[in-house]
file start.tsv (TSV, C-alpha atoms (C1' of nucleotides))
chain	number	residue	atom	x	y	z
A	29	MET	CA	221.01	11.09	33.43
A	30	LYS	CA	219.62	9.95	36.66
A	31	SER	CA	220.17	6.28	37.01
A	32	THR	CA	217.39	4.07	38.20
A	33	THR	CA	219.39	3.50	41.33
A	34	GLY	CA	217.45	6.45	42.68
A	35	THR	CA	219.90	9.03	43.88
A	36	ASP	CA	216.88	11.27	44.18
A	37	PHE	CA	219.09	14.18	45.05
A	38	PHE	CA	218.03	15.86	41.85
A	39	LYS	CA	214.46	14.92	42.45
A	40	SER	CA	214.55	16.78	45.72
A	41	VAL	CA	215.92	19.83	43.99
A	42	TYR	CA	213.29	19.68	41.27
A	43	ASP	CA	210.59	19.33	43.87
A	44	VAL	CA	211.67	22.48	45.65
A	45	VAL	CA	212.20	24.49	42.48
A	46	ALA	CA	208.80	23.45	41.20
A	47	ARG	CA	207.30	24.81	44.42
A	48	ILE	CA	208.72	28.29	44.05
A	49	PRO	CA	205.70	30.58	43.93
A	50	TYR	CA	205.11	32.95	41.06
A	51	GLY	CA	206.92	36.23	41.42
A	52	ARG	CA	209.34	34.89	44.00
A	53	VAL	CA	212.91	33.67	43.93
A	54	THR	CA	215.06	31.44	46.08
A	55	THR	CA	218.73	30.82	46.51
A	56	TYR	CA	220.92	27.78	45.99
A	57	GLY	CA	221.89	27.94	49.62
A	58	ALA	CA	218.26	27.95	50.74
A	59	ILE	CA	217.49	24.88	48.67
A	60	ALA	CA	220.64	23.14	49.80
A	61	GLU	CA	219.81	23.94	53.38
A	62	HIS	CA	216.31	22.60	52.90
A	63	LEU	CA	217.83	19.39	51.61
A	64	GLY	CA	220.15	19.26	54.59
A	65	MET	CA	223.30	20.17	52.68
A	66	LYS	CA	223.67	23.87	53.29
A	67	SER	CA	227.40	23.53	52.82
A	68	SER	CA	227.00	22.36	49.26
A	69	ALA	CA	224.87	24.84	47.39
A	70	ARG	CA	226.90	23.89	44.31
A	71	MET	CA	225.07	20.62	44.04
A	72	VAL	CA	221.79	22.46	43.59
A	73	GLY	CA	222.85	24.37	40.53
A	74	TRP	CA	224.71	21.35	39.33
A	75	ALA	CA	221.54	19.28	39.62
A	76	LEU	CA	219.61	21.77	37.53
A	77	ASN	CA	222.41	21.81	34.98
A	78	ALA	CA	221.99	18.06	34.60
A	79	ASP	CA	218.34	18.22	33.67
A	80	ARG	CA	217.77	21.73	32.38
A	81	TYR	CA	217.46	20.21	28.94
A	82	ASN	CA	214.84	17.67	29.94
A	83	LEU	CA	212.86	19.27	32.69
A	84	ASN	CA	210.43	22.12	32.41
A	85	MET	CA	210.58	24.02	35.61
A	86	PRO	CA	210.92	27.64	36.74
A	87	TYR	CA	214.60	27.33	37.44
A	88	HIS	CA	214.91	30.94	36.43
A	89	ARG	CA	213.64	31.68	39.93
A	90	VAL	CA	216.80	30.27	41.43
A	91	VAL	CA	219.52	32.84	42.03
A	92	ASN	CA	222.65	33.05	44.10
A	93	ARG	CA	222.89	34.43	47.61
A	94	ASN	CA	223.43	37.93	46.32
A	95	GLY	CA	220.39	37.85	44.08
A	96	GLU	CA	222.57	37.79	40.98
A	97	LEU	CA	221.47	35.74	38.01
A	98	SER	CA	224.55	33.58	37.91
A	99	GLY	CA	222.65	30.94	35.99
A	100	SER	CA	221.48	33.26	33.25
A	101	ARG	CA	224.57	32.36	31.22
A	102	TYR	CA	223.39	28.78	31.08
A	103	PHE	CA	220.02	29.74	29.67
A	104	PRO	CA	219.28	29.15	25.98
A	105	GLN	CA	219.30	32.89	25.44
A	106	PRO	CA	221.05	35.65	27.37
A	107	GLY	CA	218.74	37.96	29.27
A	108	MET	CA	215.93	35.45	29.18
A	109	MET	CA	216.16	34.73	32.87
A	110	ARG	CA	215.85	38.37	33.86
A	111	GLN	CA	213.05	38.87	31.40
A	112	LEU	CA	211.08	36.02	32.89
A	113	LEU	CA	211.56	37.32	36.42
A	114	GLU	CA	210.60	40.88	35.50
A	115	SER	CA	207.58	39.45	33.75
A	116	GLU	CA	206.55	37.99	37.09
A	117	GLY	CA	206.85	41.31	38.85
A	118	VAL	CA	210.30	40.81	40.31
A	119	THR	CA	212.27	44.03	40.55
A	120	PHE	CA	216.00	44.33	40.02
A	121	VAL	CA	218.71	46.27	41.74
A	122	GLY	CA	221.46	46.67	39.21
A	123	ASP	CA	222.10	43.21	37.80
A	124	ALA	CA	220.58	41.39	40.75
A	125	VAL	CA	217.02	40.82	41.91
A	126	ASP	CA	215.73	42.50	45.06
A	127	ILE	CA	216.43	39.30	46.93
A	128	LYS	CA	215.39	40.76	50.26
A	129	LYS	CA	211.87	41.35	49.02
A	130	PHE	CA	211.36	38.36	46.77
A	131	ILE	CA	213.32	35.71	48.61
A	132	TRP	CA	211.26	32.60	49.23
A	133	ILE	CA	212.26	29.79	51.54
A	134	PRO	CA	210.75	26.31	51.15
B	13	DC	C1'	239.05	4.38	45.67
B	14	DG	C1'	240.88	8.60	43.61
B	15	DG	C1'	240.88	12.75	40.78
B	16	DG	C1'	238.41	16.35	38.20
B	17	DT	C1'	234.53	19.41	38.00
B	18	DG	C1'	230.95	22.78	39.32
B	19	DA	C1'	224.33	27.55	37.95
B	20	DC	C1'	227.76	28.39	45.62
B	21	DT	C1'	229.36	30.81	49.81
B	22	DT	C1'	232.44	33.18	52.81
B	23	DT	C1'	236.50	35.34	54.14
B	24	DA	C1'	240.55	37.83	53.03
B	25	DC	C1'	243.68	41.14	50.65
C	11	DC	C1'	234.87	46.35	43.01
C	12	DG	C1'	238.42	42.83	41.73
C	13	DT	C1'	240.73	38.30	42.28
C	14	DA	C1'	242.19	34.24	45.35
C	15	DA	C1'	241.59	30.50	48.21
C	16	DA	C1'	239.21	27.10	50.93
C	17	DG	C1'	235.16	24.38	52.11
C	18	DC	C1'	231.76	21.60	50.45
C	19	DC	C1'	229.26	17.26	48.35
C	20	DA	C1'	227.45	14.47	44.37
C	21	DC	C1'	228.47	12.68	39.96
C	22	DC	C1'	231.44	10.76	36.21
C	23	DC	C1'	235.58	8.19	34.45

call {"tool": "encode", "arguments": {"input": "start.tsv", "output": "structure tokens"}}
result
Amino acid sequence: MKSTTGTDFFKSVYDVVARIPYGRVTTYGAIAEHLGMKSSARMVGWALNADRYNLNMPYHRVVNRNGELSGSRYFPQPGMMRQLLESEGVTFVGDAVDIKKFIWIP
DNA sequence: CGGGTGACTTTAC
DNA sequence: CGTAAAGCCACCC
């Protein structure tokens, strides 16, 4: 859990994720780059993993650079992530979203 | 301070 | 398309 020391790294991630518009997706790299750590996209997903149980945010709109739903396996139910995205009008190409069309950069 | 870990990314074979 | 390896940074013990 985030200590009161205020790492705020997570907070930054949550802030960006919460800003993802409806029907759009973003990538870990894009968020990391926005935070100034483009070389460490891992931290983004890792940050979500830390609070996915406590926070209510559209983290299903966060996908990897290839548009694949790498995080879907960490969702409560398999296929839920894709279902949510399709529900928002996001189209898929195979097992990945049409990242080129729905990519959103903060 | 050091080692292990990870929802990533890129390059290479 | 598959696996492998390296780079990367924050967090935990």

call {"tool": "closest_atom_pairs", "arguments": {"input": "start.tsv", "of": "chain B", "to": "chain A", "cutoff": "8 Å", "atoms": "all atoms listed in the file", "output": "JSON lines"}}
result
{"residue": "B:DG18", "atom": "C1'", "partner": "A:Trp74", "partner_atom": "CA", "distance": 6.4}
{"residue": "B:DA19", "atom": "C1'", "partner": "A:Gly99", "partner_atom": "CA", "distance": 4.3}
{"residue": "B:DC20", "atom": "C1'", "partner": "A:Arg70", "partner_atom": "CA", "distance": 4.8}
{"residue": "B:DT21", "atom": "C1'", "partner": "A:Arg93", "partner_atom": "CA", "distance": 7.7}

call {"tool": "atom_distance", "arguments": {"input": "start.tsv", "atom1": "CA of Ala124 in chain A", "atom2": "CA of Pro104 in chain A"}}
result
19.2 Å

call {"tool": "atom_distance", "arguments": {"input": "start.tsv", "atom1": "CA of Pro86 in chain A", "atom2": "CA of Tyr50 in chain A"}}
result
9.0 Å

call {"tool": "closest_atom_pairs", "arguments": {"input": "start.tsv", "of": "chain C", "to": "chain A", "cutoff": "12 Å", "atoms": "all atoms listed in the file", "output": "CSV"}}
result
residue,atom,partner,partner_atom,distance
C:DG17,C1',A:Ser67,CA,7.8
C:DC18,C1',A:Ser68,CA,5.0
C:DC19,C1',A:Ser68,CA,5.7
C:DA20,C1',A:Met71,CA,6.6
C:DC21,C1',A:Trp74,CA,9.5
C:DC22,C1',A:Met29,CA,10.8

call {"tool": "residues_around", "arguments": {"input": "start.tsv", "residues": "Thr54 in chain A", "least_positions_apart": "6", "cutoff": "9 Å", "atoms": "only C-alpha atoms (C1' of nucleotides)", "output": "number ranges by chain"}}
result
A: 45, 48, 89-93, 95, 127, 130-134

call {"tool": "atom_distance", "arguments": {"input": "start.tsv", "atom1": "CA of Gly64 in chain A", "atom2": "C1' of DT22 in chain B"}}
result
18.7 Å

call {"tool": "residues_around", "arguments": {"input": "start.tsv", "residues": "Gly117 in chain A", "least_positions_apart": "4", "cutoff": "12 Å", "atoms": "all atoms listed in the file", "output": "PyMOL selection string"}}
result
chain A and resi 49-53+89+110-113+125-126+129-130

call {"tool": "residues_around", "arguments": {"input": "start.tsv", "residues": "DA15 in chain C", "least_positions_apart": "3", "cutoff": "12 Å", "atoms": "only C-alpha atoms (C1' of nucleotides)", "output": "VMD selection string"}}
result
chain B and resid 22 to 25

call {"tool": "decode", "arguments": {"input": "start.tsv", "residues": "range 14-25 of chain B", "atoms": "all heavy atoms", "output": "tab-separated table (two decimals), in the first residue's frame"}}
result
chain	number	residue	atom	x	y	z
B	14	DG	P	25.39	-2.01	-2.98
B	14	DG	OP1	26.78	-2.39	-3.25
B	14	DG	OP2	24.68	-1.09	-3.88
B	14	DG	O5'	24.53	-3.36	-2.88
B	14	DG	C5'	24.90	-4.34	-1.92
B	14	DG	C4'	23.96	-5.53	-2.02
B	14	DG	O4'	22.70	-5.21	-1.43
B	14	DG	C3'	23.68	-5.95	-3.47
B	14	DG	O3'	23.69	-7.37	-3.58
B	14	DG	C2'	22.30	-5.39	-3.74
B	14	DG	C1'	21.66	-5.48	-2.36
B	14	DG	N9	20.58	-4.53	-2.11
B	14	DG	C8	20.53	-3.20	-2.45
B	14	DG	N7	19.42	-2.60	-2.07
B	14	DG	C5	18.69	-3.62	-1.46
B	14	DG	C6	17.40	-3.58	-0.87
B	14	DG	O6	16.63	-2.63	-0.73
B	14	DG	N1	17.04	-4.84	-0.37
B	14	DG	C2	17.81	-5.96	-0.45
B	14	DG	N2	17.30	-7.06	0.07
B	14	DG	N3	19.02	-6.00	-1.01
B	14	DG	C4	19.39	-4.80	-1.49
B	15	DG	P	23.70	-8.04	-5.02
B	15	DG	OP1	24.81	-8.99	-5.10
B	15	DG	OP2	23.54	-6.99	-6.04
B	15	DG	O5'	22.34	-8.88	-4.99
B	15	DG	C5'	22.07	-9.74	-3.87
B	15	DG	C4'	20.62	-10.20	-3.95
B	15	DG	O4'	19.75	-9.11	-3.56
B	15	DG	C3'	20.20	-10.62	-5.36
B	15	DG	O3'	19.49	-11.85	-5.30
B	15	DG	C2'	19.31	-9.49	-5.83
B	15	DG	C1'	18.73	-8.94	-4.53
B	15	DG	N9	18.38	-7.53	-4.57
B	15	DG	C8	19.12	-6.48	-5.07
B	15	DG	N7	18.54	-5.31	-4.95
B	15	DG	C5	17.34	-5.61	-4.34
B	15	DG	C6	16.27	-4.75	-3.95
B	15	DG	O6	16.19	-3.52	-4.06
B	15	DG	N1	15.24	-5.47	-3.36
B	15	DG	C2	15.22	-6.82	-3.18
B	15	DG	N2	14.13	-7.32	-2.60
B	15	DG	N3	16.20	-7.64	-3.53
B	15	DG	C4	17.23	-6.96	-4.10
B	16	DG	P	18.95	-12.53	-6.65
B	16	DG	OP1	19.20	-13.98	-6.55
B	16	DG	OP2	19.46	-11.78	-7.82
B	16	DG	O5'	17.37	-12.29	-6.56
B	16	DG	C5'	16.68	-12.68	-5.39
B	16	DG	C4'	15.19	-12.36	-5.52
B	16	DG	O4'	14.99	-10.95	-5.34
B	16	DG	C3'	14.62	-12.71	-6.91
B	16	DG	O3'	13.36	-13.35	-6.76
B	16	DG	C2'	14.50	-11.37	-7.60
B	16	DG	C1'	14.27	-10.41	-6.43
B	16	DG	N9	14.75	-9.04	-6.67
B	16	DG	C8	15.97	-8.66	-7.17
B	16	DG	N7	16.12	-7.36	-7.26
B	16	DG	C5	14.92	-6.86	-6.80
B	16	DG	C6	14.48	-5.51	-6.66
B	16	DG	O6	15.10	-4.47	-6.93
B	16	DG	N1	13.20	-5.43	-6.15
B	16	DG	C2	12.43	-6.52	-5.81
B	16	DG	N2	11.22	-6.27	-5.33
B	16	DG	N3	12.83	-7.79	-5.93
B	16	DG	C4	14.08	-7.87	-6.43
B	17	DT	P	12.60	-13.90	-8.02
B	17	DT	OP1	11.78	-15.05	-7.59
B	17	DT	OP2	13.59	-14.04	-9.12
B	17	DT	O5'	11.60	-12.71	-8.39
B	17	DT	C5'	10.63	-12.31	-7.42
B	17	DT	C4'	9.81	-11.14	-7.97
B	17	DT	O4'	10.57	-9.93	-7.93
B	17	DT	C3'	9.35	-11.35	-9.42
B	17	DT	O3'	7.93	-11.23	-9.49
B	17	DT	C2'	10.03	-10.23	-10.17
B	17	DT	C1'	10.27	-9.20	-9.09
B	17	DT	N1	11.39	-8.27	-9.35
B	17	DT	C2	11.16	-6.91	-9.23
B	17	DT	O2	10.07	-6.46	-8.93
B	17	DT	N3	12.23	-6.11	-9.49
B	17	DT	C4	13.50	-6.53	-9.84
B	17	DT	O4	14.39	-5.70	-10.03
B	17	DT	C5	13.68	-7.95	-9.95
B	17	DT	C7	15.01	-8.51	-10.31
B	17	DT	C6	12.63	-8.75	-9.69
B	18	DG	P	7.19	-11.98	-10.61
B	18	DG	OP1	6.00	-12.68	-10.08
B	18	DG	OP2	8.14	-12.69	-11.48
B	18	DG	O5'	6.68	-10.70	-11.42
B	18	DG	C5'	5.76	-9.79	-10.80
B	18	DG	C4'	5.65	-8.54	-11.67
B	18	DG	O4'	6.85	-7.76	-11.50
B	18	DG	C3'	5.52	-8.86	-13.16
B	18	DG	O3'	4.38	-8.22	-13.72
B	18	DG	C2'	6.80	-8.37	-13.77
B	18	DG	C1'	7.29	-7.33	-12.78
B	18	DG	N9	8.75	-7.21	-12.76
B	18	DG	C8	9.68	-8.19	-12.92
B	18	DG	N7	10.91	-7.77	-12.89
B	18	DG	C5	10.78	-6.41	-12.69
B	18	DG	C6	11.78	-5.40	-12.58
B	18	DG	O6	13.00	-5.53	-12.63
B	18	DG	N1	11.23	-4.14	-12.37
B	18	DG	C2	9.90	-3.89	-12.30
B	18	DG	N2	9.56	-2.62	-12.09
B	18	DG	N3	8.95	-4.81	-12.40
B	18	DG	C4	9.46	-6.05	-12.60
B	19	DA	P	3.40	-9.28	-14.37
B	19	DA	OP1	2.67	-10.13	-13.40
B	19	DA	OP2	4.30	-9.90	-15.37
B	19	DA	O5'	2.32	-8.39	-15.09
B	19	DA	C5'	1.90	-8.76	-16.40
B	19	DA	C4'	1.30	-7.56	-17.09
B	19	DA	O4'	0.06	-7.19	-16.44
B	19	DA	C3'	2.19	-6.32	-17.08
B	19	DA	O3'	2.26	-5.79	-18.39
B	19	DA	C2'	1.49	-5.38	-16.14
B	19	DA	C1'	0.02	-5.77	-16.41
B	19	DA	N9	-0.89	-5.32	-15.38
B	19	DA	C8	-0.75	-5.36	-14.02
B	19	DA	N7	-1.77	-4.89	-13.37
B	19	DA	C5	-2.65	-4.53	-14.36
B	19	DA	C6	-3.93	-3.96	-14.33
B	19	DA	N6	-4.58	-3.67	-13.24
B	19	DA	N1	-4.53	-3.72	-15.50
B	19	DA	C2	-3.88	-4.02	-16.63
B	19	DA	N3	-2.68	-4.56	-16.78
B	19	DA	C4	-2.11	-4.79	-15.60
B	20	DC	P	3.43	-6.36	-19.35
B	20	DC	OP1	2.89	-6.52	-20.70
B	20	DC	OP2	4.23	-7.43	-18.76
B	20	DC	O5'	4.32	-5.04	-19.35
B	20	DC	C5'	3.76	-3.75	-19.35
B	20	DC	C4'	4.64	-2.82	-20.17
B	20	DC	O4'	6.00	-3.00	-19.75
B	20	DC	C3'	4.59	-3.11	-21.67
B	20	DC	O3'	4.66	-1.89	-22.40
B	20	DC	C2'	5.83	-3.94	-21.90
B	20	DC	C1'	6.79	-3.40	-20.87
B	20	DC	N1	7.76	-4.41	-20.43
B	20	DC	C2	9.12	-4.14	-20.59
B	20	DC	O2	9.46	-3.07	-21.08
B	20	DC	N3	10.02	-5.06	-20.20
B	20	DC	C4	9.63	-6.21	-19.66
B	20	DC	N4	10.56	-7.07	-19.29
B	20	DC	C5	8.25	-6.50	-19.47
B	20	DC	C6	7.35	-5.59	-19.87
B	21	DT	P	4.52	-1.94	-23.97
B	21	DT	OP1	3.92	-0.69	-24.46
B	21	DT	OP2	3.93	-3.25	-24.37
B	21	DT	O5'	6.07	-1.95	-24.39
B	21	DT	C5'	6.88	-0.86	-23.97
B	21	DT	C4'	8.22	-0.91	-24.68
B	21	DT	O4'	9.08	-1.88	-24.03
B	21	DT	C3'	8.09	-1.33	-26.16
B	21	DT	O3'	8.78	-0.39	-26.98
B	21	DT	C2'	8.72	-2.70	-26.21
B	21	DT	C1'	9.67	-2.70	-25.02
B	21	DT	N1	9.88	-4.04	-24.42
B	21	DT	C2	11.19	-4.44	-24.15
B	21	DT	O2	12.15	-3.74	-24.40
B	21	DT	N3	11.32	-5.66	-23.58
B	21	DT	C4	10.30	-6.55	-23.25
B	21	DT	O4	10.56	-7.63	-22.73
B	21	DT	C5	8.96	-6.08	-23.55
B	21	DT	C7	7.80	-6.94	-23.25
B	21	DT	C6	8.83	-4.85	-24.11
B	22	DT	P	8.75	-0.58	-28.58
B	22	DT	OP1	8.60	0.76	-29.18
B	22	DT	OP2	7.80	-1.66	-28.93
B	22	DT	O5'	10.23	-1.12	-28.92
B	22	DT	C5'	11.33	-0.62	-28.19
B	22	DT	C4'	12.58	-1.44	-28.54
B	22	DT	O4'	12.65	-2.60	-27.70
B	22	DT	C3'	12.60	-1.92	-30.00
B	22	DT	O3'	13.77	-1.47	-30.63
B	22	DT	C2'	12.55	-3.43	-29.89
B	22	DT	C1'	13.00	-3.73	-28.48
B	22	DT	N1	12.38	-4.91	-27.86
B	22	DT	C2	13.18	-5.81	-27.19
B	22	DT	O2	14.39	-5.66	-27.09
B	22	DT	N3	12.53	-6.87	-26.62
B	22	DT	C4	11.18	-7.14	-26.66
B	22	DT	O4	10.72	-8.13	-26.10
B	22	DT	C5	10.38	-6.16	-27.39
B	22	DT	C7	8.91	-6.36	-27.50
B	22	DT	C6	11.01	-5.11	-27.94
B	23	DT	P	13.99	-1.83	-32.22
B	23	DT	OP1	14.62	-0.65	-32.86
B	23	DT	OP2	12.76	-2.41	-32.79
B	23	DT	O5'	15.08	-2.99	-32.13
B	23	DT	C5'	16.15	-2.86	-31.21
B	23	DT	C4'	16.90	-4.18	-31.09
B	23	DT	O4'	16.13	-5.11	-30.29
B	23	DT	C3'	17.14	-4.86	-32.45
B	23	DT	O3'	18.52	-5.15	-32.60
B	23	DT	C2'	16.30	-6.13	-32.38
B	23	DT	C1'	16.17	-6.38	-30.90
B	23	DT	N1	14.93	-7.10	-30.50
B	23	DT	C2	15.03	-8.19	-29.68
B	23	DT	O2	16.10	-8.59	-29.26
B	23	DT	N3	13.84	-8.78	-29.35
B	23	DT	C4	12.58	-8.41	-29.75
B	23	DT	O4	11.59	-9.02	-29.39
B	23	DT	C5	12.54	-7.25	-30.63
B	23	DT	C7	11.23	-6.75	-31.14
B	23	DT	C6	13.70	-6.66	-30.95
B	24	DA	P	19.03	-5.78	-34.00
B	24	DA	OP1	20.41	-5.28	-34.22
B	24	DA	OP2	18.02	-5.61	-35.07
B	24	DA	O5'	19.09	-7.32	-33.61
B	24	DA	C5'	19.71	-7.74	-32.39
B	24	DA	C4'	19.59	-9.25	-32.23
B	24	DA	O4'	18.30	-9.59	-31.70
B	24	DA	C3'	19.73	-10.01	-33.56
B	24	DA	O3'	20.74	-11.01	-33.46
B	24	DA	C2'	18.37	-10.62	-33.79
B	24	DA	C1'	17.81	-10.73	-32.38
B	24	DA	N9	16.35	-10.71	-32.31
B	24	DA	C8	15.50	-9.80	-32.84
B	24	DA	N7	14.23	-10.03	-32.61
B	24	DA	C5	14.25	-11.20	-31.87
B	24	DA	C6	13.24	-11.99	-31.31
B	24	DA	N6	11.93	-11.69	-31.40
B	24	DA	N1	13.60	-13.10	-30.63
B	24	DA	C2	14.89	-13.40	-30.53
B	24	DA	N3	15.94	-12.74	-31.02
B	24	DA	C4	15.55	-11.63	-31.68
B	25	DC	P	21.21	-11.79	-34.78
B	25	DC	OP1	22.67	-11.95	-34.69
B	25	DC	OP2	20.62	-11.15	-35.98
B	25	DC	O5'	20.54	-13.22	-34.56
B	25	DC	C5'	20.77	-13.92	-33.34
B	25	DC	C4'	19.97	-15.21	-33.32
B	25	DC	O4'	18.59	-14.90	-33.05
B	25	DC	C3'	19.99	-15.98	-34.63
B	25	DC	O3'	20.24	-17.37	-34.40
B	25	DC	C2'	18.62	-15.78	-35.20
B	25	DC	C1'	17.78	-15.63	-33.96
B	25	DC	N1	16.53	-14.87	-34.16
B	25	DC	C2	15.34	-15.37	-33.60
B	25	DC	O2	15.37	-16.43	-32.97
B	25	DC	N3	14.19	-14.68	-33.79
B	25	DC	C4	14.19	-13.55	-34.48
B	25	DC	N4	13.04	-12.91	-34.62
B	25	DC	C5	15.38	-13.02	-35.05
B	25	DC	C6	16.52	-13.71	-34.86
